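> Sharing start-v4.txt (compact mmCIF, C-alpha atoms and all ligand atoms) below.
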# COMPACT_ATOMS: atom_id res chain seq x y z
CA MET A 11 53.49 43.21 -5.09
CA PHE A 12 50.57 45.23 -3.73
CA HIS A 13 52.52 48.45 -4.28
CA SER A 14 53.48 47.74 -7.90
CA ALA A 15 49.91 46.60 -8.70
CA ARG A 16 48.64 49.83 -7.14
CA LEU A 17 51.01 51.91 -9.28
CA LYS A 18 50.00 50.01 -12.41
CA LEU A 19 46.31 50.47 -11.70
CA THR A 20 46.88 54.19 -11.00
CA ALA A 21 48.69 54.47 -14.35
CA TRP A 22 45.74 52.83 -16.11
CA TYR A 23 43.27 55.18 -14.39
CA LEU A 24 45.45 58.14 -15.41
CA LEU A 25 45.77 56.95 -18.97
CA ILE A 26 42.02 56.66 -19.37
CA ILE A 27 41.23 59.97 -17.65
CA MET A 28 43.94 61.87 -19.53
CA ALA A 29 42.93 60.37 -22.88
CA ILE A 30 39.36 61.58 -22.32
CA SER A 31 40.52 64.98 -21.05
CA PHE A 32 42.98 65.39 -23.95
CA ALA A 33 40.39 64.44 -26.56
CA PHE A 34 37.91 66.84 -24.99
CA SER A 35 40.51 69.65 -24.95
CA LEU A 36 41.41 69.08 -28.60
CA PHE A 37 37.74 69.27 -29.48
CA ILE A 38 37.34 72.55 -27.57
CA TYR A 39 40.56 74.05 -28.96
CA PHE A 40 39.89 73.29 -32.62
CA GLY A 41 36.20 74.14 -32.26
CA SER A 42 36.96 77.55 -30.74
CA THR A 43 39.81 78.46 -33.14
CA ARG A 44 37.56 77.62 -36.07
CA GLU A 45 34.89 79.82 -34.56
CA PHE A 46 37.41 82.70 -34.10
CA ASP A 47 38.52 82.38 -37.73
CA ARG A 48 34.92 82.39 -38.85
CA ILE A 49 34.26 85.59 -36.86
CA LEU A 50 37.29 87.17 -38.49
CA ARG A 51 36.09 86.16 -41.95
CA VAL A 52 32.54 87.44 -41.32
CA GLN A 53 33.79 90.78 -39.99
CA ARG A 54 36.03 91.27 -42.99
CA TYR A 55 33.22 90.39 -45.36
CA ARG A 56 30.86 92.89 -43.73
CA LEU A 57 33.45 95.64 -43.86
CA ASN A 58 34.22 94.94 -47.48
CA ASN A 59 30.55 94.57 -48.55
CA PRO A 60 28.51 97.18 -46.62
CA ALA A 61 26.03 97.63 -49.47
CA ARG A 62 25.11 93.92 -49.53
CA ILE A 63 24.68 93.83 -45.73
CA ARG A 64 22.40 96.87 -45.81
CA VAL A 65 20.16 95.17 -48.36
CA PHE A 66 20.06 91.61 -47.01
CA GLN A 67 20.73 91.96 -43.26
CA SER A 68 19.66 95.50 -42.42
CA ASP A 69 19.25 94.79 -38.70
CA ILE A 70 22.96 93.93 -38.25
CA PRO A 71 25.13 96.93 -37.32
CA LEU A 72 28.13 97.34 -39.55
CA PRO A 73 31.57 96.92 -37.94
CA ILE A 74 33.29 100.24 -37.41
CA ASN A 75 36.93 99.06 -37.27
CA PRO A 76 38.71 96.53 -39.40
CA PRO A 77 39.12 93.24 -37.45
CA ASP A 78 42.41 92.85 -35.60
CA PRO A 79 43.97 89.42 -36.34
CA ASP A 80 46.33 89.84 -33.39
CA VAL A 81 43.43 89.91 -30.96
CA ILE A 82 42.09 86.72 -32.48
CA GLU A 83 45.52 85.06 -32.20
CA GLU A 84 45.75 86.20 -28.59
CA ALA A 85 42.33 84.68 -27.88
CA LYS A 86 43.49 81.39 -29.43
CA THR A 87 46.63 81.39 -27.26
CA ARG A 88 44.52 82.08 -24.18
CA VAL A 89 42.21 79.16 -24.95
CA PHE A 90 45.27 76.95 -25.46
CA GLU A 91 46.85 78.03 -22.16
CA GLY A 92 43.56 77.65 -20.32
CA LEU A 93 43.10 74.12 -21.60
CA LEU A 94 46.71 73.26 -20.81
CA GLY A 95 46.20 74.51 -17.25
CA VAL A 96 42.98 72.49 -16.87
CA ASN A 97 44.77 69.37 -18.15
CA ILE A 98 47.65 69.85 -15.70
CA VAL A 99 45.18 70.22 -12.82
CA ILE A 100 43.27 67.12 -13.98
CA LEU A 101 46.57 65.22 -14.20
CA ILE A 102 47.56 66.13 -10.64
CA VAL A 103 44.10 65.58 -9.12
CA SER A 104 43.53 62.30 -10.94
CA SER A 105 47.03 61.02 -9.98
CA VAL A 106 46.26 61.53 -6.31
CA ALA A 107 42.64 60.30 -6.55
CA GLY A 108 43.68 57.38 -8.81
CA TYR A 109 46.37 56.27 -6.36
CA PHE A 110 43.88 56.44 -3.50
CA LEU A 111 41.15 54.61 -5.47
CA ALA A 112 43.59 51.97 -6.72
CA GLY A 113 44.54 51.29 -3.09
CA ARG A 114 40.89 50.91 -2.13
CA THR A 115 40.14 48.67 -5.11
CA LEU A 116 43.09 46.41 -4.46
CA LYS A 117 42.77 46.19 -0.68
CA PRO A 118 40.13 43.40 -0.58
CA ILE A 119 41.98 41.52 -3.33
CA ALA A 120 45.26 41.80 -1.42
CA LYS A 121 43.49 40.59 1.72
CA MET A 122 42.10 37.62 -0.17
CA VAL A 123 45.51 36.75 -1.63
CA ASP A 124 47.08 36.99 1.85
CA GLU A 125 44.39 34.72 3.22
CA GLN A 126 44.88 32.20 0.41
CA ASN A 127 48.63 32.19 1.02
CA ARG A 128 48.11 31.67 4.74
CA PHE A 129 45.67 28.87 3.97
CA ILE A 130 48.21 27.16 1.68
CA THR A 131 51.01 27.56 4.24
CA ASP A 132 48.86 26.23 7.09
CA ALA A 133 47.53 23.37 4.97
CA SER A 134 51.01 22.31 3.81
CA HIS A 135 52.23 22.50 7.37
CA GLU A 136 49.38 20.29 8.60
CA LEU A 137 49.90 17.83 5.73
CA ARG A 138 53.64 17.60 6.27
CA THR A 139 53.46 16.17 9.79
CA PRO A 140 51.43 13.00 9.05
CA ILE A 141 53.25 12.48 5.73
CA THR A 142 56.64 12.70 7.46
CA SER A 143 55.63 10.28 10.19
CA LEU A 144 54.13 7.88 7.63
CA ARG A 145 57.31 7.98 5.59
CA ALA A 146 59.53 7.49 8.64
CA GLU A 147 57.45 4.52 9.77
CA MET A 148 57.66 2.89 6.32
CA GLU A 149 61.42 3.47 6.04
CA VAL A 150 62.10 2.02 9.49
CA GLY A 151 59.93 -1.00 8.65
CA LEU A 152 61.71 -1.60 5.33
CA ARG A 153 65.14 -1.37 6.92
CA ASP A 154 64.19 -3.84 9.68
CA SER A 155 65.50 -7.21 8.48
CA THR A 156 63.86 -9.00 11.41
CA LEU A 157 60.39 -7.69 10.60
CA THR A 158 57.83 -10.43 11.16
CA LEU A 159 54.54 -10.86 9.35
CA GLN A 160 52.71 -9.57 12.43
CA GLY A 161 55.08 -6.60 12.59
CA ALA A 162 54.38 -5.84 8.92
CA ARG A 163 50.64 -6.08 9.56
CA ASP A 164 50.91 -3.62 12.48
CA LEU A 165 52.95 -1.31 10.30
CA LEU A 166 50.31 -1.41 7.57
CA LYS A 167 47.55 -0.86 10.14
CA SER A 168 49.19 2.21 11.58
CA GLY A 169 49.99 3.46 8.06
CA LEU A 170 46.35 3.00 7.10
CA GLU A 171 45.31 5.02 10.15
CA GLU A 172 47.58 7.87 9.05
CA VAL A 173 46.21 7.67 5.50
CA LYS A 174 42.66 7.86 6.89
CA ASN A 175 43.59 10.98 8.84
CA LEU A 176 45.18 12.47 5.76
CA GLN A 177 42.06 11.74 3.74
CA GLU A 178 39.94 13.40 6.41
CA LEU A 179 42.24 16.41 6.33
CA SER A 180 42.23 16.70 2.54
CA ASP A 181 38.41 16.38 2.49
CA SER A 182 38.15 19.21 5.02
CA LEU A 183 40.60 21.34 3.05
CA LEU A 184 38.57 20.77 -0.09
CA VAL A 185 35.35 21.86 1.63
CA LEU A 186 37.05 24.95 3.03
CA SER A 187 38.60 25.92 -0.28
CA GLN A 188 35.29 25.77 -2.14
CA PRO A 189 32.80 27.65 0.00
CA GLU A 190 30.75 28.40 -3.11
CA LYS A 191 29.97 24.69 -3.35
CA GLN A 192 28.41 24.79 0.09
CA ASN A 193 26.60 27.88 -0.98
CA GLY A 194 24.86 26.20 -3.95
CA SER A 195 21.82 28.43 -3.51
CA SER A 196 19.94 26.28 -6.04
CA LEU A 197 19.86 23.59 -3.33
CA PHE A 198 18.29 25.96 -0.83
CA ALA A 199 14.79 24.92 0.20
CA ALA A 200 12.47 25.16 3.19
CA ILE A 201 13.17 21.97 5.12
CA PRO A 202 12.15 20.67 8.55
CA LEU A 203 15.00 20.80 11.04
CA SER A 204 14.39 17.70 13.16
CA PRO A 205 15.06 15.02 10.48
CA ILE A 206 18.35 16.80 9.73
CA ILE A 207 19.45 16.69 13.34
CA SER A 208 18.24 13.08 13.69
CA GLU A 209 20.39 12.14 10.69
CA ALA A 210 23.42 13.84 12.24
CA ILE A 211 22.79 12.12 15.59
CA LYS A 212 22.58 8.76 13.80
CA LYS A 213 25.99 9.35 12.19
CA VAL A 214 27.66 10.29 15.50
CA LYS A 215 25.93 7.66 17.63
CA PRO A 216 28.54 4.87 17.20
CA LEU A 217 31.24 7.18 18.62
CA ALA A 218 28.96 8.22 21.49
CA VAL A 219 28.06 4.60 22.29
CA LYS A 220 31.76 3.75 22.47
CA LYS A 221 32.17 6.37 25.21
CA HIS A 222 28.81 5.56 26.85
CA ILE A 223 27.61 9.06 26.08
CA LYS A 224 23.87 9.63 25.66
CA ILE A 225 22.54 12.11 23.10
CA HIS A 226 19.08 13.56 23.91
CA SER A 227 17.10 15.70 21.53
CA ASN A 228 14.14 17.96 22.15
CA LEU A 229 13.25 19.61 18.88
CA GLN A 230 10.36 21.84 17.93
CA LYS A 231 8.64 21.47 14.60
CA VAL A 232 10.44 24.22 12.74
CA GLN A 233 11.58 24.76 9.19
CA VAL A 234 14.69 26.46 7.88
CA THR A 235 15.65 27.60 4.40
CA ALA A 236 18.91 25.82 3.79
CA ASP A 237 20.84 23.21 1.89
CA LYS A 238 20.06 19.90 3.60
CA GLN A 239 23.43 18.17 3.15
CA SER A 240 25.37 21.17 4.45
CA LEU A 241 23.15 21.32 7.55
CA VAL A 242 23.66 17.62 8.26
CA GLN A 243 27.41 18.21 7.97
CA LEU A 244 27.16 21.19 10.33
CA PHE A 245 25.42 19.21 13.08
CA ILE A 246 27.75 16.24 12.61
CA ILE A 247 30.69 18.58 13.29
CA LEU A 248 29.07 20.01 16.45
CA LEU A 249 27.93 16.64 17.78
CA ASP A 250 31.21 14.95 16.90
CA ASN A 251 33.08 17.64 18.86
CA ALA A 252 30.67 17.32 21.77
CA VAL A 253 31.46 13.59 21.91
CA LYS A 254 35.20 14.03 21.29
CA TYR A 255 35.64 16.63 24.00
CA SER A 256 33.50 14.90 26.64
CA LYS A 257 34.63 12.27 29.11
CA ALA A 258 32.86 8.89 29.13
CA LYS A 259 29.31 8.57 30.50
CA LYS A 260 28.39 12.23 30.00
CA GLU A 261 25.31 13.58 28.23
CA ILE A 262 24.73 15.72 25.17
CA ARG A 263 21.50 17.64 24.60
CA VAL A 264 20.25 19.06 21.33
CA SER A 265 17.27 21.40 21.48
CA SER A 266 15.63 24.06 19.38
CA GLU A 267 13.35 27.02 19.95
CA LYS A 268 11.76 29.89 18.08
CA SER A 269 12.58 33.32 19.43
CA ASP A 270 12.10 36.83 17.98
CA GLY A 271 11.60 35.54 14.46
CA ARG A 272 14.70 33.36 14.65
CA ILE A 273 15.25 29.66 15.07
CA LEU A 274 17.83 28.73 17.66
CA VAL A 275 19.43 25.31 17.91
CA TYR A 276 21.54 24.46 20.97
CA VAL A 277 24.10 21.68 21.21
CA ARG A 278 25.03 21.33 24.89
CA ASP A 279 27.67 19.04 26.31
CA GLN A 280 29.25 18.33 29.68
CA GLY A 281 32.72 18.15 28.24
CA VAL A 282 36.08 19.73 28.97
CA GLY A 283 34.81 23.22 28.16
CA ILE A 284 36.69 26.03 26.44
CA SER A 285 38.40 28.94 28.17
CA LYS A 286 37.31 32.52 27.34
CA ARG A 287 40.62 33.17 25.56
CA ASP A 288 40.22 30.13 23.31
CA GLN A 289 36.55 30.82 22.57
CA GLU A 290 37.65 33.81 20.46
CA HIS A 291 39.74 31.60 18.18
CA ILE A 292 38.06 28.20 17.91
CA PHE A 293 36.28 29.18 14.68
CA ASP A 294 39.63 30.08 13.04
CA ARG A 295 41.17 27.63 10.62
CA PHE A 296 43.63 25.15 12.14
CA TYR A 297 43.06 26.46 15.67
CA ARG A 298 43.14 23.78 18.33
CA VAL A 299 43.02 24.36 22.04
CA ASP A 300 46.35 23.16 23.37
CA SER A 301 45.01 21.17 26.28
CA SER A 302 42.56 19.31 24.03
CA ARG A 303 45.45 18.18 21.85
CA SER A 304 47.02 16.29 24.68
CA LYS A 305 43.77 15.31 26.33
CA ASP A 306 42.83 11.68 25.74
CA GLY A 307 44.65 11.74 22.39
CA VAL A 308 41.73 13.45 20.66
CA SER A 309 42.53 13.72 16.98
CA GLY A 310 41.63 16.63 14.72
CA TYR A 311 43.10 19.40 12.63
CA GLY A 312 41.21 22.40 13.95
CA LEU A 313 39.12 22.67 10.78
CA GLY A 314 35.72 21.41 11.94
CA LEU A 315 34.44 24.62 13.50
CA SER A 316 35.71 26.82 10.67
CA ILE A 317 33.79 24.59 8.24
CA ALA A 318 30.76 24.84 10.56
CA LYS A 319 31.05 28.62 10.57
CA ASN A 320 31.31 28.72 6.76
CA ILE A 321 28.22 26.54 6.45
CA VAL A 322 26.19 28.62 8.90
CA GLU A 323 27.17 31.88 7.21
CA THR A 324 26.32 30.61 3.73
CA GLN A 325 22.90 29.63 5.13
CA HIS A 326 22.55 33.22 6.40
CA GLY A 327 22.78 32.17 10.03
CA LYS A 328 25.10 32.72 12.99
CA ILE A 329 27.04 30.43 15.27
CA SER A 330 28.30 31.18 18.77
CA VAL A 331 29.60 29.40 21.82
CA LYS A 332 29.19 29.70 25.55
CA SER A 333 31.47 27.55 27.60
CA GLU A 334 33.14 27.11 30.93
CA ALA A 335 36.32 25.12 31.33
CA GLY A 336 35.61 21.89 33.17
CA ILE A 337 31.81 22.33 33.04
CA GLY A 338 30.83 22.06 29.39
CA SER A 339 29.98 23.99 26.23
CA THR A 340 26.86 25.15 24.44
CA PHE A 341 27.06 25.87 20.73
CA THR A 342 24.15 27.94 19.43
CA VAL A 343 23.21 28.04 15.77
CA GLU A 344 20.78 30.75 14.73
CA PHE A 345 18.74 30.73 11.52
CA PRO A 346 16.29 33.25 10.17
CA THR A 347 12.73 31.85 10.09
CA VAL A 348 11.18 30.74 6.83
CA SER A 349 9.04 33.56 5.48
P1 LIG B 401 39.20 19.79 15.88
O1 LIG B 401 38.09 19.26 16.72
O2 LIG B 401 39.48 18.98 14.69
O3 LIG B 401 40.42 20.08 16.68
P2 LIG B 401 37.50 22.09 15.53
O4 LIG B 401 37.65 23.25 14.62
O5 LIG B 401 36.26 21.29 15.41
O6 LIG B 401 38.77 21.19 15.30
O7 LIG B 401 37.61 22.63 17.00
C1 LIG B 401 38.61 23.55 17.35
C2 LIG B 401 38.96 23.40 18.82
O8 LIG B 401 37.87 23.84 19.60
C3 LIG B 401 39.21 21.97 19.23
O9 LIG B 401 40.56 21.62 19.08
C4 LIG B 401 38.78 21.97 20.69
O10 LIG B 401 39.86 22.32 21.50
C5 LIG B 401 37.74 23.06 20.78
N1 LIG B 401 36.38 22.51 20.83
C6 LIG B 401 35.52 22.37 19.82
N2 LIG B 401 34.34 21.88 20.24
C7 LIG B 401 34.47 21.68 21.55
C8 LIG B 401 33.60 21.18 22.58
N3 LIG B 401 32.36 20.78 22.31
N4 LIG B 401 34.08 21.11 23.84
C9 LIG B 401 35.33 21.52 24.12
N5 LIG B 401 36.20 22.01 23.21
C10 LIG B 401 35.77 22.08 21.95
Turn the structure described in the file into structure tokens.


Amino acid sequence: MFHSARLKLTAWYLLIIMAISFAFSLFIYFGSTREFDRILRVQRYRLNNPARIRVFQSDIPLPINPPDPDVIEEAKTRVFEGLLGVNIVILIVSSVAGYFLAGRTLKPIAKMVDEQNRFITDASHELRTPITSLRAEMEVGLRDSTLTLQGARDLLKSGLEEVKNLQELSDSLLVLSQPEKQNGSSLFAAIPLSPIISEAIKKVKPLAVKKHIKIHSNLQKVQVTADKQSLVQLFIILLDNAVKYSKAKKEIRVSSEKSDGRILVYVRDQGVGISKRDQEHIFDRFYRVDSSRSKDGVSGYGLGLSIAKNIVETQHGKISVKSEAGIGSTFTVEFPTVS
């Protein structure tokens, strides 16, 4: 597809360039032949009317020989051949340059299309698994003639759980597919950071309490230029992961500092940690560290950190991780200071 689009675009480039070149050549050719004919006419007139020239234009020397029409015709042919040659050169050069430029123009579009296709494939793959298991569960339940009321209730409960997961997944997919919504630069404003983080902590607290995990915060009074709701979502993702990937009774610390004109926010946990190899991929869509999948039945689709990364980048910041397997992880979010 990329190749045929490239050829089509090259053809369009060529068509435009050659149309301009052809029109320009026609203009030059007819302009110059008219000028040659005029010269011929003037010369003839002067030869035939020497007396008039002497009276009215005495400074012009009279032509000695009669004009030679063959020379004029030869000059016209030369102009024609010259223009033809120039057009052939333009055709060759613009074919090569057009093909090269078309490739460069289409490359980012092709990359985007590839990415979209991968996104759709990954998303359908992730959606298929819970849908299949939900369907299987329902079919088995329907076929079971001995199904009791309690059994039906359990079936509905587990189905509802799957539906909740699916809803979570589709919400995440929606956020990821519309990064411009997170961008909403009209919502950007200078806002204090600590109420945002407090709001995120409040949202995650019930999960932390369940696992007897304490969340401490030590935040400086700093402001960032950002969209408030997106920032709350960002810190919910980081804190939720910190809780999810920590064993019971551990601690999570959120702190901030100003350094070299930047604002740094750290989310530290004492969780399972992430190996060096996995650290390179955790911000990719649908990436989940294998061990965490099996560990304590932690649920997730590997979308949280890619959403976090999107949010941070649309707020002109950076996100990074330092982690050691078995010791814990520190996620650092960096924002430019409010000018
Ligand atoms: P999800 O948590 O839904 O799997 P994320 O994109 O949020 O998806 O995270 C990707 C992977 O990164 C997780 O599967 C997990 O293995 C790892 N990870 C993220 N945060 C942490 C953390 N705080 N501690 C350990 N591993 C983490």

> Have a look at A:Ser269, A:Asn75, A:Gln177, A:Ser339 and name the one nearest to ligand LIG 401 (chain B); count only C-alpha atoms and all ligand atoms.

A:Ser339

> How big is the axis-aligned box, and where does its centre sit, when it encloses all atoms of ligand LIG 401 (chain B) listed in the file and has 5 Å added on every side, reported in Å to one decimal as lines of an AutoDock Vina configuration file?


center_x = 36.5
center_y = 21.4
center_z = 19.4
size_x = 18.2
size_y = 14.9
size_z = 19.5

> Collect all residues with atoms no farther than 9 Å from ligand LIG 401 (chain B), counting all atoms listed in the file, and output them as an MDAnalysis selection string.

chainID A and resid 247:256 277:285 288:289 291:303 308:318 333 335 338:341

> Which distance in Å separates CA of Val343 (chain A) and CA of Lys231 (chain A), to one decimal?

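These two atoms are separated by 16.0 Å.
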
> What is the CA of Val52 (chain A) to CA of Val81 (chain A) distance in Å?

15.2 Å

> What lies within 9 Å of Thr347 (chain A) using all atoms listed in the file, ignoring chain neighbours under 6 positions off, as an MDAnalysis selection string?

chainID A and resid 232:235 268 271:273

> Quick one: pull the distance between CA of Pro140 (chain A) and CA of Leu183 (chain A), Å, one decimal.

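Separation between CA of Pro140 (chain A) and CA of Leu183 (chain A): 14.9 Å.
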
> Give as a CSV table (one decimal) with C-alpha atoms, in the coordinates of the input every residue, naming chains and numbers as the document does, that has an atom within 6 Å of (28.4, 10.6, 25.2), counting all atoms listed in the file.


chain,number,residue,atom,x,y,z
A,218,ALA,CA,29.0,8.2,21.5
A,221,LYS,CA,32.2,6.4,25.2
A,222,HIS,CA,28.8,5.6,26.8
A,223,ILE,CA,27.6,9.1,26.1
A,224,LYS,CA,23.9,9.6,25.7
A,253,VAL,CA,31.5,13.6,21.9
A,259,LYS,CA,29.3,8.6,30.5
A,260,LYS,CA,28.4,12.2,30.0
A,261,GLU,CA,25.3,13.6,28.2

> Step by step: start from the point (44.4, 44.5, -1.9) in the file's coordinates, keep every protein, DNA or RNA residue that has an atom no farther than 12 Å from it, count only C-alpha atoms, and write the set as a ChimeraX atom specification.

/A:11-16,19,111-125

> List the neighbours of region 158-175 of chain A out to 8 Å using all atoms listed in the file; skip same-chain residues closer than 4 positions along the sequence, and give me the result as number ranges by chain.

A: 140, 144, 147-148, 151, 179

> Please produce a file of the residues just selected, as a short mmCIF file (atom, residue, chain, number, x, y, z; two decimals), in the frame of the given file, where the atoms kept are C-alpha atoms.


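Resulting contents of result.cif:
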data_model
loop_
_atom_site.label_atom_id
_atom_site.label_comp_id
_atom_site.auth_asym_id
_atom_site.auth_seq_id
_atom_site.Cartn_x
_atom_site.Cartn_y
_atom_site.Cartn_z
CA PRO A 140 51.43 13.00 9.05
CA LEU A 144 54.13 7.88 7.63
CA GLU A 147 57.45 4.52 9.77
CA MET A 148 57.66 2.89 6.32
CA GLY A 151 59.93 -1.00 8.65
CA LEU A 179 42.24 16.41 6.33
#

> I'd like to know which of A:Leu24, A:Val106, A:Ala29, A:Leu176 is closest to Ser143 (chain A), using only C-alpha atoms.

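The closest residue to Ser143 (chain A) is A:Leu176.
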
> If we count all atoms listed in the file and set the cut-off at 12 Å, which residues sit around Lys86 (chain A), ignoring sequence neighbours fewer than 2 positions away in its own chain? Please answer as a count of residues only.

22

> Just checking: using only C-alpha atoms, which residue out of A:Ile206, A:Ile30, A:Ile225, A:Ala258 ends up closest to Phe245 (chain A)?

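Closest residue, counting only C-alpha atoms: A:Ile206.
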
> Generate all heavy atoms for region 270-278 of chain A and emit them as a PDB file, in the coordinates of the input.


ATOM      1  N   ASP A 270      11.972  35.556  18.723  1.00  0.00           N
ATOM      2  CA  ASP A 270      12.100  36.830  17.980  1.00  0.00           C
ATOM      3  C   ASP A 270      12.294  36.626  16.487  1.00  0.00           C
ATOM      4  O   ASP A 270      13.195  37.232  15.883  1.00  0.00           O
ATOM      5  CB  ASP A 270      13.303  37.629  18.512  1.00  0.00           C
ATOM      6  CG  ASP A 270      13.046  38.166  19.894  1.00  0.00           C
ATOM      7  OD1 ASP A 270      11.867  38.238  20.271  1.00  0.00           O
ATOM      8  OD2 ASP A 270      14.041  38.485  20.585  1.00  0.00           O
ATOM      9  N   GLY A 271      11.499  35.760  15.915  1.00  0.00           N
ATOM     10  CA  GLY A 271      11.600  35.540  14.460  1.00  0.00           C
ATOM     11  C   GLY A 271      12.842  34.788  14.046  1.00  0.00           C
ATOM     12  O   GLY A 271      13.208  34.776  12.882  1.00  0.00           O
ATOM     13  N   ARG A 272      13.524  34.158  15.014  1.00  0.00           N
ATOM     14  CA  ARG A 272      14.700  33.360  14.650  1.00  0.00           C
ATOM     15  C   ARG A 272      14.526  31.946  15.170  1.00  0.00           C
ATOM     16  O   ARG A 272      13.754  31.709  16.098  1.00  0.00           O
ATOM     17  CB  ARG A 272      15.963  33.946  15.283  1.00  0.00           C
ATOM     18  CG  ARG A 272      16.318  35.317  14.800  1.00  0.00           C
ATOM     19  CD  ARG A 272      17.258  35.985  15.761  1.00  0.00           C
ATOM     20  NE  ARG A 272      16.741  35.952  17.124  1.00  0.00           N
ATOM     21  CZ  ARG A 272      17.483  36.062  18.219  1.00  0.00           C
ATOM     22  NH1 ARG A 272      18.763  36.192  18.124  1.00  0.00           N
ATOM     23  NH2 ARG A 272      16.933  36.032  19.416  1.00  0.00           N
ATOM     24  N   ILE A 273      15.270  31.028  14.558  1.00  0.00           N
ATOM     25  CA  ILE A 273      15.250  29.660  15.070  1.00  0.00           C
ATOM     26  C   ILE A 273      16.610  29.403  15.707  1.00  0.00           C
ATOM     27  O   ILE A 273      17.658  29.644  15.081  1.00  0.00           O
ATOM     28  CB  ILE A 273      14.997  28.655  13.930  1.00  0.00           C
ATOM     29  CG1 ILE A 273      13.578  28.862  13.407  1.00  0.00           C
ATOM     30  CG2 ILE A 273      15.185  27.224  14.397  1.00  0.00           C
ATOM     31  CD1 ILE A 273      13.358  28.360  12.042  1.00  0.00           C
ATOM     32  N   LEU A 274      16.566  28.974  16.950  1.00  0.00           N
ATOM     33  CA  LEU A 274      17.830  28.730  17.660  1.00  0.00           C
ATOM     34  C   LEU A 274      17.981  27.238  17.936  1.00  0.00           C
ATOM     35  O   LEU A 274      17.039  26.592  18.394  1.00  0.00           O
ATOM     36  CB  LEU A 274      17.831  29.488  18.989  1.00  0.00           C
ATOM     37  CG  LEU A 274      17.678  31.006  18.867  1.00  0.00           C
ATOM     38  CD1 LEU A 274      17.352  31.640  20.205  1.00  0.00           C
ATOM     39  CD2 LEU A 274      18.962  31.602  18.321  1.00  0.00           C
ATOM     40  N   VAL A 275      19.148  26.726  17.603  1.00  0.00           N
ATOM     41  CA  VAL A 275      19.430  25.310  17.910  1.00  0.00           C
ATOM     42  C   VAL A 275      20.621  25.280  18.859  1.00  0.00           C
ATOM     43  O   VAL A 275      21.645  25.920  18.607  1.00  0.00           O
ATOM     44  CB  VAL A 275      19.776  24.516  16.625  1.00  0.00           C
ATOM     45  CG1 VAL A 275      19.931  23.042  16.953  1.00  0.00           C
ATOM     46  CG2 VAL A 275      18.720  24.717  15.553  1.00  0.00           C
ATOM     47  N   TYR A 276      20.458  24.540  19.973  1.00  0.00           N
ATOM     48  CA  TYR A 276      21.540  24.460  20.970  1.00  0.00           C
ATOM     49  C   TYR A 276      22.115  23.049  20.992  1.00  0.00           C
ATOM     50  O   TYR A 276      21.368  22.076  20.999  1.00  0.00           O
ATOM     51  CB  TYR A 276      20.992  24.753  22.378  1.00  0.00           C
ATOM     52  CG  TYR A 276      20.283  26.084  22.489  1.00  0.00           C
ATOM     53  CD1 TYR A 276      18.894  26.150  22.466  1.00  0.00           C
ATOM     54  CD2 TYR A 276      21.001  27.272  22.620  1.00  0.00           C
ATOM     55  CE1 TYR A 276      18.230  27.359  22.574  1.00  0.00           C
ATOM     56  CE2 TYR A 276      20.346  28.491  22.723  1.00  0.00           C
ATOM     57  CZ  TYR A 276      18.963  28.526  22.702  1.00  0.00           C
ATOM     58  OH  TYR A 276      18.306  29.731  22.794  1.00  0.00           O
ATOM     59  N   VAL A 277      23.440  22.976  21.009  1.00  0.00           N
ATOM     60  CA  VAL A 277      24.100  21.680  21.210  1.00  0.00           C
ATOM     61  C   VAL A 277      24.905  21.827  22.504  1.00  0.00           C
ATOM     62  O   VAL A 277      25.904  22.537  22.550  1.00  0.00           O
ATOM     63  CB  VAL A 277      25.025  21.319  20.018  1.00  0.00           C
ATOM     64  CG1 VAL A 277      25.727  19.988  20.264  1.00  0.00           C
ATOM     65  CG2 VAL A 277      24.241  21.279  18.709  1.00  0.00           C
ATOM     66  N   ARG A 278      24.392  21.169  23.567  1.00  0.00           N
ATOM     67  CA  ARG A 278      25.030  21.330  24.890  1.00  0.00           C
ATOM     68  C   ARG A 278      25.778  20.066  25.261  1.00  0.00           C
ATOM     69  O   ARG A 278      25.260  18.967  25.060  1.00  0.00           O
ATOM     70  CB  ARG A 278      23.955  21.533  25.978  1.00  0.00           C
ATOM     71  CG  ARG A 278      23.251  22.847  25.896  1.00  0.00           C
ATOM     72  CD  ARG A 278      22.433  23.076  27.180  1.00  0.00           C
ATOM     73  NE  ARG A 278      21.779  24.372  27.107  1.00  0.00           N
ATOM     74  CZ  ARG A 278      20.590  24.579  26.569  1.00  0.00           C
ATOM     75  NH1 ARG A 278      19.897  23.551  26.066  1.00  0.00           N
ATOM     76  NH2 ARG A 278      20.064  25.781  26.522  1.00  0.00           N
TER      77      ARG A 278
END
